$ cat structure09.tsv   # TSV, C-alpha atoms
chain	number	residue	atom	x	y	z
A	216	MET	CA	22.24	224.56	181.06
A	217	GLU	CA	19.57	221.86	181.13
A	218	ILE	CA	16.07	223.13	181.88
A	219	ILE	CA	14.25	221.20	184.61
A	220	PRO	CA	10.71	220.20	183.52
A	221	GLU	CA	9.30	220.03	187.03
A	222	GLY	CA	10.32	220.42	190.63
A	223	LYS	CA	8.95	218.90	193.79
A	224	HIS	CA	6.05	221.36	193.98
A	225	PHE	CA	6.25	223.29	190.70
A	226	ARG	CA	6.07	222.54	186.98
A	227	LEU	CA	7.47	224.34	183.97
A	228	VAL	CA	4.87	226.46	182.15
A	229	HIS	CA	4.32	225.89	178.44
A	230	GLU	CA	4.16	229.07	176.42
A	231	SER	CA	0.58	228.33	175.35
A	232	GLU	CA	-0.48	228.57	179.02
A	233	LEU	CA	0.83	232.07	179.59
A	234	PRO	CA	-2.24	234.01	178.35
A	235	GLU	CA	-4.45	232.15	180.82
A	236	ILE	CA	-1.92	232.73	183.59
A	237	LEU	CA	-2.13	236.45	182.81
A	238	VAL	CA	-5.89	236.30	183.38
A	239	THR	CA	-5.37	234.63	186.76
A	240	LEU	CA	-2.74	237.16	187.80
A	241	GLU	CA	-5.16	240.01	187.04
A	242	ARG	CA	-7.20	238.89	190.04
A	243	TYR	CA	-4.31	239.84	192.31
A	244	LEU	CA	-3.39	243.25	190.93
A	245	PRO	CA	-1.63	245.42	191.95
A	246	GLU	CA	0.47	242.89	193.93
A	247	SER	CA	0.95	240.76	190.82
A	248	LEU	CA	1.84	243.72	188.58
A	249	LYS	CA	5.51	242.89	188.08
A	250	PHE	CA	4.82	239.27	187.12
A	251	HIS	CA	1.82	240.24	184.99
A	252	GLN	CA	3.80	242.82	183.03
A	253	THR	CA	6.82	240.51	182.71
A	254	ILE	CA	4.74	237.77	181.09
A	255	LYS	CA	2.97	240.31	178.89
A	256	THR	CA	6.30	241.72	177.68
A	257	TYR	CA	7.61	238.20	177.10
A	258	LEU	CA	4.63	237.29	174.93
A	259	ASN	CA	4.79	240.55	172.97
A	260	ASP	CA	8.52	241.09	172.56
A	261	ARG	CA	10.54	237.99	173.56
A	262	ILE	CA	13.20	239.98	175.39
A	263	TRP	CA	14.84	236.87	176.80
A	264	ASP	CA	14.19	233.14	177.04
A	265	PHE	CA	12.47	233.32	180.41
A	266	LYS	CA	11.33	230.28	182.36
A	267	PHE	CA	8.14	230.34	184.43
A	268	TYR	CA	6.96	227.69	186.88
A	269	VAL	CA	3.62	227.43	188.65
A	270	ALA	CA	2.48	225.26	191.54
A	271	LYS	CA	1.34	221.83	190.44
A	272	ASP	CA	-2.02	222.73	192.00
A	273	TRP	CA	-2.26	226.03	190.08
A	274	PRO	CA	-4.44	228.07	190.20
A	275	GLU	CA	-5.80	226.71	193.49
A	276	LYS	CA	-2.35	227.46	194.88
A	277	PRO	CA	-1.56	230.76	193.13
A	278	ILE	CA	2.22	230.85	193.41
A	279	VAL	CA	4.47	231.37	190.38
A	280	LEU	CA	8.25	231.47	189.95
A	281	HIS	CA	10.27	233.35	187.34
A	282	PHE	CA	13.85	232.46	186.45
A	283	PRO	CA	15.01	235.33	184.22
A	284	GLY	CA	18.27	233.90	182.90
A	285	CYS	CA	19.56	237.37	181.99
A	286	THR	CA	20.87	238.08	185.52
A	287	LEU	CA	24.44	236.90	185.86
A	288	ALA	CA	24.73	233.94	188.23
A	289	PRO	CA	27.62	231.73	189.35
A	290	HIS	CA	28.16	228.73	187.05
A	291	ASN	CA	25.60	230.13	184.58
A	292	ASN	CA	22.94	228.58	186.81
A	293	ILE	CA	19.66	230.32	186.03
A	294	TYR	CA	18.08	228.64	189.05
A	295	GLN	CA	20.11	230.84	191.41
A	296	THR	CA	18.27	234.02	190.38
A	297	LEU	CA	14.51	234.13	190.66
A	298	GLY	CA	11.36	236.06	191.30
A	299	ILE	CA	8.40	234.82	193.33
A	300	PHE	CA	4.79	235.90	193.28
A	301	CYS	CA	2.18	234.73	195.74
A	302	PRO	CA	-0.73	236.94	196.81
A	303	SER	CA	-0.49	238.07	200.41
A	304	ALA	CA	-3.96	236.67	201.04
A	305	HIS	CA	-2.54	233.20	200.29
A	306	ILE	CA	0.93	233.73	201.72
A	307	GLU	CA	0.95	230.28	203.32
A	308	HIS	CA	1.74	228.77	199.90
A	309	VAL	CA	5.20	230.34	200.07
A	310	ASP	CA	6.01	227.60	202.57
A	311	MET	CA	6.29	225.19	199.63
A	312	MET	CA	9.62	226.84	198.91
A	313	ARG	CA	11.05	225.35	202.10
A	314	THR	CA	11.02	221.85	200.67
A	315	GLU	CA	11.50	222.70	196.99
A	316	ASP	CA	14.85	220.96	196.60
A	317	VAL	CA	14.70	220.13	192.89
A	318	LEU	CA	14.55	223.57	191.30
A	319	ILE	CA	16.40	225.27	194.13
A	320	ASP	CA	19.54	224.32	196.00
A	321	TRP	CA	19.29	226.25	199.25
A	322	GLN	CA	22.96	225.46	199.97
A	323	LYS	CA	23.96	227.85	197.18
A	324	PRO	CA	23.61	231.64	197.08
A	325	MET	CA	20.34	232.98	195.70
A	326	TYR	CA	19.42	236.37	194.29
A	327	LEU	CA	15.83	237.61	194.37
A	328	ASN	CA	14.87	240.80	192.61
A	329	PHE	CA	12.34	243.18	194.16
A	330	THR	CA	9.65	240.94	195.68
A	331	HIS	CA	6.68	241.67	197.93
A	332	ILE	CA	7.76	242.18	201.52
A	333	ALA	CA	5.29	239.56	202.82
A	334	ILE	CA	6.94	236.88	200.67
A	335	MET	CA	10.42	237.83	201.86
A	336	ASN	CA	9.34	237.76	205.49
A	337	ARG	CA	7.83	234.32	205.01
A	338	LEU	CA	11.07	233.05	203.44
A	339	ASP	CA	13.06	234.60	206.27
A	340	ASP	CA	11.14	232.47	208.77
A	341	PHE	CA	13.06	229.40	207.64
A	342	TYR	CA	16.12	230.72	205.78
A	343	SER	CA	17.51	232.69	208.71
A	344	LYS	CA	18.13	229.40	210.52
A	345	PHE	CA	20.97	228.49	208.14
A	346	GLY	CA	21.80	231.57	206.07
A	347	VAL	CA	21.93	235.34	205.79
A	348	MET	CA	19.42	237.49	203.91
A	349	GLU	CA	20.62	240.95	202.88
A	350	ARG	CA	17.71	243.20	201.97
A	351	LEU	CA	17.42	246.45	200.05
A	352	SER	CA	13.97	247.95	200.50
A	353	GLY	CA	11.93	249.58	197.76
A	354	ASP	CA	8.35	250.82	197.43
A	355	ILE	CA	6.37	250.09	194.27
A	356	TYR	CA	4.71	253.19	192.80
A	357	VAL	CA	2.18	252.66	190.00
A	358	CYS	CA	0.92	255.11	187.39
A	359	ASN	CA	-2.69	254.37	186.46
A	360	LYS	CA	-3.19	257.78	184.89
A	361	LEU	CA	-0.47	260.18	183.79
A	362	ASN	CA	-0.81	263.75	185.06
A	363	ALA	CA	-1.25	265.41	181.66
A	364	ASP	CA	-1.65	268.83	183.26
A	365	LEU	CA	1.95	268.92	184.49
A	366	GLU	CA	3.75	271.55	182.44
A	367	LEU	CA	7.53	271.53	182.09
A	368	GLU	CA	9.93	274.09	180.74
A	369	PRO	CA	11.29	273.22	177.28
A	370	LEU	CA	14.73	271.65	176.99
A	371	PRO	CA	17.67	274.01	176.50
A	372	GLU	CA	18.41	274.82	172.86
A	373	ASP	CA	21.61	272.75	172.95
A	374	ALA	CA	19.80	269.54	174.00
A	375	GLU	CA	17.27	267.24	172.38
A	376	MET	CA	15.29	264.13	173.36
A	377	ARG	CA	15.15	261.19	170.97
A	378	LEU	CA	14.90	257.41	170.88
A	379	LEU	CA	17.93	255.39	171.92
A	380	ASN	CA	19.73	253.26	169.35
A	381	LEU	CA	22.30	250.44	169.37
A	382	ASP	CA	25.20	252.89	169.39
A	383	ASN	CA	24.13	253.90	172.90
A	384	VAL	CA	24.05	250.42	174.44
A	385	GLN	CA	27.56	250.26	175.90
A	386	GLY	CA	27.27	253.73	177.43
A	387	ILE	CA	23.93	252.80	178.98
A	388	HIS	CA	25.35	249.62	180.49
A	389	ASP	CA	28.38	251.47	181.84
A	390	LEU	CA	26.12	253.86	183.78
A	391	TYR	CA	23.69	251.22	184.97
A	392	PRO	CA	24.04	250.86	188.78
A	393	ALA	CA	23.71	247.06	188.75
A	394	ASN	CA	25.81	246.32	185.66
A	395	GLU	CA	27.80	243.74	187.57
A	396	ILE	CA	24.80	241.38	187.48
A	397	GLU	CA	23.04	242.38	184.26
A	398	CYS	CA	24.78	241.48	181.00
A	399	VAL	CA	25.25	244.07	178.26
A	400	GLN	CA	23.41	241.78	175.84
A	401	LEU	CA	20.21	242.47	177.77
A	402	PHE	CA	20.50	246.19	177.09
A	403	ASP	CA	21.16	245.51	173.42
A	404	ILE	CA	17.85	243.63	173.23
A	405	LEU	CA	15.97	246.22	175.30
A	406	VAL	CA	17.04	249.02	172.94
A	407	ARG	CA	16.13	246.93	169.89
A	408	LYS	CA	12.67	245.91	171.05
A	409	LEU	CA	11.37	248.31	173.71
A	410	PRO	CA	11.11	252.10	173.77
A	411	GLY	CA	13.98	253.97	175.37
A	412	LEU	CA	14.66	257.69	175.42
A	413	GLY	CA	17.80	259.73	175.77
A	414	ILE	CA	18.66	263.40	176.04
A	415	PHE	CA	21.57	264.26	173.78
A	416	ARG	CA	23.81	267.27	173.28
A	417	LYS	CA	23.09	268.58	169.79
A	418	GLU	CA	26.63	269.67	168.93
A	419	THR	CA	28.47	266.54	170.03
A	420	GLY	CA	25.74	263.88	170.03
A	421	GLU	CA	26.80	262.95	173.56
A	422	LEU	CA	24.23	261.01	175.58
A	423	ALA	CA	23.55	263.06	178.71
A	424	ALA	CA	20.68	261.08	180.26
A	425	TRP	CA	18.62	258.00	179.42
A	426	MET	CA	15.69	255.84	180.46
A	427	VAL	CA	14.32	252.57	179.04
A	428	HIS	CA	11.18	250.43	179.31
A	429	SER	CA	12.17	247.18	180.97
A	430	TYR	CA	11.18	243.57	180.39
A	431	TYR	CA	8.99	243.64	183.51
A	432	GLY	CA	6.99	246.69	182.49
A	433	ALA	CA	8.64	249.12	184.89
A	434	MET	CA	10.43	252.29	183.87
A	435	PHE	CA	13.69	250.51	184.57
A	436	SER	CA	16.70	252.71	185.22
A	437	MET	CA	17.07	256.42	184.68
A	438	GLN	CA	20.64	257.71	184.61
A	439	THR	CA	22.27	261.09	184.06
A	440	ARG	CA	25.96	261.65	183.47
A	441	PRO	CA	27.48	263.70	186.30
A	442	ASP	CA	28.22	266.73	184.10
A	443	PHE	CA	24.56	267.08	183.14
A	444	ARG	CA	22.79	266.69	186.44
A	445	ARG	CA	20.44	269.23	188.02
A	446	MET	CA	19.11	270.31	184.63
A	447	GLY	CA	15.66	268.76	185.02
A	448	TYR	CA	16.31	266.01	182.47
A	449	GLY	CA	14.92	263.28	184.70
A	450	ILE	CA	11.33	264.44	184.94
A	451	ARG	CA	11.20	265.07	181.19
A	452	LEU	CA	12.40	261.55	180.45
A	453	ALA	CA	10.04	260.03	183.02
A	454	LYS	CA	6.98	261.88	181.70
A	455	SER	CA	7.71	261.04	178.06
A	456	LEU	CA	8.51	257.38	178.66
A	457	THR	CA	5.52	256.93	180.96
A	458	GLN	CA	3.32	258.09	178.09
A	459	LEU	CA	5.04	255.71	175.64
A	460	VAL	CA	4.63	252.75	178.00
A	461	ILE	CA	0.93	253.51	178.50
A	462	GLU	CA	0.42	253.78	174.73
A	463	ARG	CA	1.96	250.31	174.36
A	464	GLY	CA	-0.68	248.90	176.71
A	465	TYR	CA	1.42	248.53	179.85
A	466	THR	CA	1.01	249.89	183.36
A	467	PRO	CA	4.14	251.84	184.31
A	468	PHE	CA	5.59	251.33	187.76
A	469	VAL	CA	8.82	252.22	189.51
A	470	VAL	CA	10.67	251.14	192.64
A	471	ILE	CA	11.56	253.98	195.00
A	472	ARG	CA	13.76	253.61	198.06
A	473	PRO	CA	11.91	254.66	201.25
A	474	GLY	CA	14.34	257.51	201.91
A	475	ASN	CA	14.46	258.88	198.36
A	476	ASP	CA	12.18	261.87	198.85
A	477	ALA	CA	13.30	263.55	195.63
A	478	SER	CA	12.33	260.66	193.37
A	479	ARG	CA	9.08	260.17	195.25
A	480	SER	CA	8.25	263.83	194.61
A	481	LEU	CA	9.08	263.48	190.92
A	482	TYR	CA	6.92	260.43	190.29
A	483	THR	CA	3.96	261.52	192.41
A	484	LYS	CA	3.83	264.72	190.37
A	485	LEU	CA	3.49	262.53	187.30
A	486	GLY	CA	0.59	260.61	188.86
A	487	TYR	CA	2.34	257.60	190.43
A	488	GLU	CA	0.90	256.24	193.69
A	489	LYS	CA	2.38	253.83	196.21
A	490	ALA	CA	0.99	250.30	195.87
A	491	PHE	CA	3.06	248.06	198.17
A	492	GLU	CA	6.47	247.43	199.72
A	493	THR	CA	9.15	245.16	198.28
A	494	CYS	CA	12.77	244.28	198.85
A	495	ARG	CA	15.65	242.94	196.80
A	496	VAL	CA	17.55	240.13	198.53
A	497	ARG	CA	20.87	238.35	198.35
A	498	MET	CA	20.68	235.03	200.22
A	499	THR	CA	23.93	233.38	201.31
A	500	PRO	CA	24.12	230.08	203.23
A	501	ASP	CA	26.40	230.00	206.26
A	502	CYS	CA	30.00	229.09	205.50
A	503	TYR	CA	29.45	229.11	201.73
A	504	GLU	CA	32.72	229.40	199.79
A	505	ASP	CA	33.12	229.16	196.01
A	506	SER	CA	35.78	230.88	193.94
A	507	THR	CA	34.79	229.42	190.57
A	508	VAL	CA	33.76	231.78	187.81
A	509	GLY	CA	31.00	231.69	185.21
A	510	THR	CA	30.45	233.79	182.11
A	511	ILE	CA	27.74	235.21	179.91
A	512	GLY	CA	29.13	236.71	176.74
A	513	ASN	CA	32.32	238.54	177.65
A	514	THR	CA	31.32	239.05	181.27
A	515	SER	CA	33.02	236.94	183.96
A	516	TYR	CA	31.76	236.59	187.49
A	517	GLY	CA	31.91	234.28	190.48
A	518	LYS	CA	29.72	235.03	193.46
A	519	PHE	CA	26.79	237.41	193.52
A	520	PRO	CA	28.06	240.90	194.40
A	521	PRO	CA	26.98	242.19	197.80
A	522	LEU	CA	23.97	244.46	197.96
A	523	PRO	CA	24.80	248.16	198.27
A	524	GLN	CA	25.57	248.95	201.88
A	525	GLY	CA	23.48	252.08	201.81
A	526	GLU	CA	20.01	253.17	202.69
A	527	CYS	CA	17.57	250.53	203.99
A	528	VAL	CA	19.91	247.56	203.73
A	529	VAL	CA	18.94	245.12	206.47
A	530	VAL	CA	20.80	241.88	207.15
A	531	THR	CA	18.57	239.24	208.71
A	532	LYS	CA	19.92	236.31	210.70
A	533	LEU	CA	18.71	234.08	213.53
A	534	ARG	CA	15.07	234.86	212.83
A	535	ARG	CA	15.62	238.60	213.04
A	536	LYS	CA	12.59	240.28	211.48
A	537	HIS	CA	12.66	243.14	209.01
A	538	VAL	CA	11.86	246.47	210.63
A	539	PRO	CA	9.97	248.77	208.22
A	540	GLY	CA	11.75	252.04	207.77
A	541	GLU	CA	14.99	250.81	209.32
A	542	SER	CA	17.96	252.33	207.53
A	543	GLN	CA	21.66	252.94	207.63
A	544	THR	CA	23.68	255.93	206.55
A	545	VAL	CA	22.93	256.98	202.99
A	546	ASP	CA	25.64	256.01	200.53
A	547	GLU	CA	25.55	258.71	197.84
A	548	GLY	CA	26.22	256.33	194.98
A	549	ILE	CA	23.69	253.63	195.90
A	550	GLU	CA	20.44	253.55	193.99
A	551	ASP	CA	17.67	251.21	192.93
A	552	MET	CA	18.14	248.43	190.42
A	553	LEU	CA	14.79	248.64	188.72
A	554	ALA	CA	13.40	252.01	188.30
A	555	GLU	CA	14.35	255.26	189.88
A	556	LYS	CA	17.50	257.03	190.84
A	557	CYS	CA	18.06	260.60	191.93
A	558	ASP	CA	21.22	262.36	190.88
A	559	ILE	CA	21.61	264.10	194.24
A	560	SER	CA	22.51	262.50	197.54
A	561	GLY	CA	19.95	261.70	200.21
A	562	ASP	CA	21.08	264.67	202.32
A	563	GLU	CA	20.81	267.05	199.39
A	564	ALA	CA	17.37	265.71	198.52
A	565	ARG	CA	16.09	266.43	202.01
A	566	GLU	CA	17.55	269.93	201.90
A	567	ARG	CA	15.98	270.65	198.51
A	568	LYS	CA	12.43	269.36	198.96
A	569	THR	CA	10.99	272.48	197.32
A	570	THR	CA	13.12	272.17	194.17
A	571	THR	CA	13.18	268.46	193.46
A	572	ASP	CA	12.15	268.85	189.81
A	573	GLU	CA	15.60	270.16	189.08
A	574	GLY	CA	18.34	267.61	189.54
A	575	ILE	CA	16.26	264.46	189.10
A	576	GLY	CA	18.23	262.88	186.37
A	577	GLU	CA	19.67	259.59	187.48
A	578	ASP	CA	17.39	256.57	187.78
A	579	LYS	CA	16.25	247.98	190.82
$ encode --input "structure09.tsv" --output "structure tokens"
Amino acid sequence: MEIIPEGKHFRLVHESELPEILVTLERYLPESLKFHQTIKTYLNDRIWDFKFYVAKDWPEKPIVLHFPGCTLAPHNNIYQTLGIFCPSAHIEHVDMMRTEDVLIDWQKPMYLNFTHIAIMNRLDDFYSKFGVMERLSGDIYVCNKLNADLELEPLPEDAEMRLLNLDNVQGIHDLYPANEIECVQLFDILVRKLPGLGIFRKETGELAAWMVHSYYGAMFSMQTRPDFRRMGYGIRLAKSLTQLVIERGYTPFVVIRPGNDASRSLYTKLGYEKAFETCRVRMTPDCYEDSTVGTIGNTSYGKFPPLPQGECVVVTKLRRKHVPGESQTVDEGIEDMLAEKCDISGDEARERKTTTDEGIGEDK
């Protein structure tokens, strides 16, 4: 589709400007970490043809938008999926989004990946008057120093850890919990250009568990096939890939659901610490109806799929504010889109707090 050179309040960033934007974003770490690492990965590896916009008064108004283009959207419209960064100390600049009617059509559904909770609350102040915001909460955990003293038992003799290759792409996409909105071509590029690790069965070559470094610097998704769960594969993958990401000059981070005690235990043992709260949001205007379908590659889709109706999904309407910690019944199959996923249910995790190293094998 045609790329818009400027909106009402924002302008398209030229690639030559990105290094200087990185310097500006460093002032706002750790809140800016996802955007900082996304731009850094883009400059280094060109995972996708991303589009970045900054306020026309940048950097005096430090708000930046990211339209990834690799998230499936109705009508192939990249402007219906976005990320927003604005430091919480300058949160008033988010109000520019209210009248940004060139880049964004607020009468169409929007999908926002994990974004700082303060930004989402500010958007909710005006969006809840004419639409519904479904939220899935997630806490950002950052690893500034890997716990090198953590000792793990060796893998069983019938298993081995090695780099992923292109033969593994389809299997990875099939297991990915948000594969309905991320095209398989993205995983093909991730495996080609960024480090990813898998644990394989030696005799059959079967991929039992995997984890990849994502285009936004996080640890992305960790998944374990059901037959190979509770074998401790997850913490081995997470430790090894964390080290690889650090060696490449990135700061690893993951998104952990507030109720996922098992994953929190895993990553804190590795040295991860909570930095801030985020949420992933699907925004739907009242009375919106559209049955048309778009495609990327061989994938067809119409509307954005609903967010998982599991833990910490909050639907906001009529200026209803997000309540931190509010949750619904845990849905055993629902996990995060970006980073971490435990291969046991929420109930099992709470029952097994003393043995969470075993069984962490599956993963937004």
$ atom_distance --input "structure09.tsv" --atom1 "atom CA of Ile355 of chain A" --atom2 "atom CA of Phe491 of chain A"
5.5 Å
$ closest_residue --input "structure09.tsv" --among "A:Ile306, A:Leu485, A:Ile450, A:Ile262" --to "Asp364 of chain A" --atoms "all atoms listed in the file"
A:Leu485
$ closest_residue --input "structure09.tsv" --among "A:Tyr391, A:Glu230, A:Asp354, A:Met426" --to "Asn475 of chain A" --atoms "all atoms listed in the file"
A:Asp354
$ atom_distance --input "structure09.tsv" --atom1 "atom CA of Gly420 of chain A" --atom2 "atom CA of Asn380 of chain A"
12.2 Å
$ atom_distance --input "structure09.tsv" --atom1 "atom CA of Asp260 of chain A" --atom2 "atom CA of Lys408 of chain A"
6.5 Å
$ residues_near_point --input "structure09.tsv" --point "(2.4, 225.1, 187.1)" --cutoff "8 Å" --atoms "only C-alpha atoms" --output "number ranges by chain"
A: 225-228, 268-273, 279
$ residues_around --input "structure09.tsv" --residues "Arg497 of chain A" --least-positions-apart "5" --cutoff "7 Å" --atoms "all atoms listed in the file" --output "MDAnalysis selection string"
chainID A and resid 325:327 348:350 522
$ residues_near_point --input "structure09.tsv" --point "(0.2, 250.9, 188.9)" --cutoff "9 Å" --atoms "all atoms listed in the file" --output "PyMOL selection string"
chain A and resi 244-245+248+355-360+466-469+487-490
$ build_atoms --input "structure09.tsv" --residues "segment 391-400 of chain A" --atoms "all heavy atoms" --output "compact mmCIF listing (two decimals), in the coordinates of the input"
# COMPACT_ATOMS: atom_id res chain seq x y z
N TYR A 391 24.70 251.95 184.22
CA TYR A 391 23.69 251.22 184.97
C TYR A 391 24.23 250.80 186.33
O TYR A 391 25.30 250.20 186.43
CB TYR A 391 23.27 249.98 184.17
CG TYR A 391 22.16 249.19 184.79
CD1 TYR A 391 20.97 249.80 185.18
CD2 TYR A 391 22.29 247.81 184.99
CE1 TYR A 391 19.95 249.06 185.75
CE2 TYR A 391 21.26 247.06 185.55
CZ TYR A 391 20.09 247.70 185.93
OH TYR A 391 19.08 246.96 186.48
N PRO A 392 23.50 251.09 187.43
CA PRO A 392 24.04 250.86 188.78
C PRO A 392 24.22 249.40 189.15
O PRO A 392 24.95 249.09 190.09
CB PRO A 392 23.01 251.54 189.69
CG PRO A 392 21.76 251.56 188.90
CD PRO A 392 22.18 251.73 187.47
N ALA A 393 23.57 248.48 188.43
CA ALA A 393 23.71 247.06 188.75
C ALA A 393 24.30 246.31 187.56
O ALA A 393 23.95 245.16 187.30
CB ALA A 393 22.36 246.47 189.14
N ASN A 394 25.25 246.96 186.87
CA ASN A 394 25.81 246.32 185.66
C ASN A 394 26.68 245.12 185.96
O ASN A 394 27.03 244.36 185.06
CB ASN A 394 26.57 247.34 184.81
CG ASN A 394 27.70 248.02 185.56
OD1 ASN A 394 28.11 247.56 186.63
ND2 ASN A 394 28.20 249.11 185.01
N GLU A 395 27.00 244.91 187.24
CA GLU A 395 27.80 243.74 187.57
C GLU A 395 26.97 242.46 187.56
O GLU A 395 27.52 241.36 187.57
CB GLU A 395 28.47 243.91 188.94
CG GLU A 395 27.55 243.78 190.16
CD GLU A 395 26.77 245.06 190.46
OE1 GLU A 395 26.88 246.02 189.65
OE2 GLU A 395 26.07 245.12 191.48
N ILE A 396 25.64 242.58 187.52
CA ILE A 396 24.80 241.38 187.48
C ILE A 396 23.85 241.35 186.29
O ILE A 396 23.10 240.38 186.14
CB ILE A 396 23.99 241.21 188.78
CG1 ILE A 396 23.07 242.40 189.00
CG2 ILE A 396 24.90 240.98 189.97
CD1 ILE A 396 22.07 242.17 190.13
N GLU A 397 23.87 242.38 185.46
CA GLU A 397 23.04 242.38 184.26
C GLU A 397 23.97 242.48 183.04
O GLU A 397 24.75 243.42 182.93
CB GLU A 397 22.05 243.54 184.26
CG GLU A 397 21.04 243.50 185.40
CD GLU A 397 19.94 242.48 185.19
OE1 GLU A 397 20.04 241.66 184.26
OE2 GLU A 397 18.98 242.50 185.97
N CYS A 398 23.86 241.52 182.14
CA CYS A 398 24.78 241.48 181.00
C CYS A 398 24.43 242.56 179.97
O CYS A 398 23.28 242.97 179.83
CB CYS A 398 24.77 240.10 180.35
SG CYS A 398 23.15 239.59 179.73
N VAL A 399 25.44 243.02 179.25
CA VAL A 399 25.25 244.07 178.26
C VAL A 399 24.33 243.61 177.14
O VAL A 399 23.64 244.41 176.51
CB VAL A 399 26.61 244.55 177.71
CG1 VAL A 399 27.27 243.45 176.87
CG2 VAL A 399 26.47 245.84 176.92
N GLN A 400 24.30 242.29 176.89
CA GLN A 400 23.41 241.78 175.84
C GLN A 400 21.95 242.09 176.13
O GLN A 400 21.15 242.29 175.21
CB GLN A 400 23.59 240.26 175.69
CG GLN A 400 24.92 239.85 175.09
CD GLN A 400 25.97 239.60 176.16
OE1 GLN A 400 25.90 240.16 177.25
NE2 GLN A 400 26.93 238.75 175.85
